[in-house]
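For reference, the structure is listed below as structure tokens.
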Amino acid sequence: MRRTLWRRRTNDSPRPAGRGIARGLRQSGTIARRLVLQPLPPIRLRRRNTLSAETMAELTEVAEAAAIVEPAGDELAPPAPIRLLPGEATMGRRVKFAIVNGCTVTSIAFGMTAMILASKGPDMVKWAALCLLGSVLMDALDGPLARRFGVASPFGLQMDSLADMCSFGIATPIVVYQWLHGDAPVAVVAAACGLVAVCAAIRLARFNVSPKDGRFFSGVPTTMAAAVLVIATVLIPQPTDAVVPTLALALVVGALALLMVSSFPYVKLGQLRKLPPVLWVLPACGALLDLQTTFVIVVALYLVSGPLLWVKNRRADAASAGTAA
């Protein structure tokens, strides 16, 4: 006689063991298949503090910039190098691109030479300062040459910033420290020179991400601040005998560093060409009489012009706001 594994359940008979579990497994399998085959609706999380549209746009840009693109072919293949020179890579454009970046590399070499000479002692400070003047000259050439040759590129922009940090953010404070290192407290001089390095890094990073203005700088440019410090190192004798002049110069160096990261508008040197010729005759005559005093007066006038323009703009904005109200 054939024996059945399961029999029909009556009211008096108990439920066979295992049937409820099997039914649950079958139902769970059906639910699992539905979850896999049918996409879930988007889950919306309720947060107390929601982000603004501008913040979400910035986060989206950062995420897109940092996204890693999966290779279409072999995943183990190395990424292809990017092109440093945009546009048509002809031999002429390559030579021009090499000349422009050669100026930037020469600026780095001058800065490295200045650091080596400054480490030899106070007797080599002026030679180190002359090397930094060479860095200033190379930095003034690479940008105009890149625009004139039509080989400006994002690579050149980043390379120029790194060269400025090497020559004007690191080498210049070292040379200035050797120049001011005398009877004054070492901590004060070191703090002023360290402030120059920190403010130069902030200034260069802010310049790379800020919109460009053809008339004004926002804060004293790093190259101009370095040129002022280097020329002062060459023109002004090393104050090793008096403590007060050394402290005063250290304070001036610290103030110049803070002006680099300020929001004061400073006129670009290209705009100074539009000044009347009479204003150029006075500094020229003063330089023939007393070069050191003339240099100090011209630099002081330029540094004071930034706060004066800032106050003027604030008053103009307040007046326009009052008129509109």
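Every chain in the structure tokens has a letter given in the order shown (A, B, ...), and although residue numbers restart at 1 in each chain, ligands are simply numbered from 1 in the order shown.
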*Fewer than 2 positions away in the same chain doesn't count, so skip those; otherwise give me all residues within 8 Å of segment 101-105 of chain A, counting only C-alpha atoms, as a PyMOL selection string.*
chain A and resi 97-99+107-109+138-139+141-142+156+159-160+163
Under the rule of at most 12 Å, produce a per-residue listing of segment 127-184 of chain A near segment 252-264 of chain A: chain, number, name, the closest pair of atoms, and the distance in Å, as a Markdown table, using only C-alpha atoms.
| residue | atom | partner | partner_atom | distance |
| --- | --- | --- | --- | --- |
| A:Phe168 | CA | A:Ala257 | CA | 11.4 |
| A:Gly169 | CA | A:Ala257 | CA | 10.2 |
| A:Thr172 | CA | A:Val253 | CA | 11.1 |
| A:Pro173 | CA | A:Val253 | CA | 9.4 |
| A:Val176 | CA | A:Val253 | CA | 8.7 |
| A:Tyr177 | CA | A:Val253 | CA | 10.2 |
| A:Trp179 | CA | A:Val253 | CA | 11.7 |
| A:Leu180 | CA | A:Val253 | CA | 10.1 |
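Between Ile82 of chain A and the residues A:Arg94, A:Phe155, A:Val100, A:Leu282, the shortest atom-to-atom distance, using only C-alpha atoms, involves A:Phe155.
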_Close residues, Glu88 of chain A itself excluded, 12 Å, only C-alpha atoms, min 4 positions apart in chain, as a PyMOL selection string_ = chain A and resi 83-84+92-94+97+150-151
*asked:* I need the residues in segment 137-262 of chain A that are alpha helix (DSSP H) according to DSSP; give them as a PyMOL selection string.
replied: chain A and resi 137-149+154-164+172-180+186-209+222-235+243-260
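The coordinates place atom CA of Ser218 of chain A at 9.1 Å from atom CA of Arg203 of chain A.
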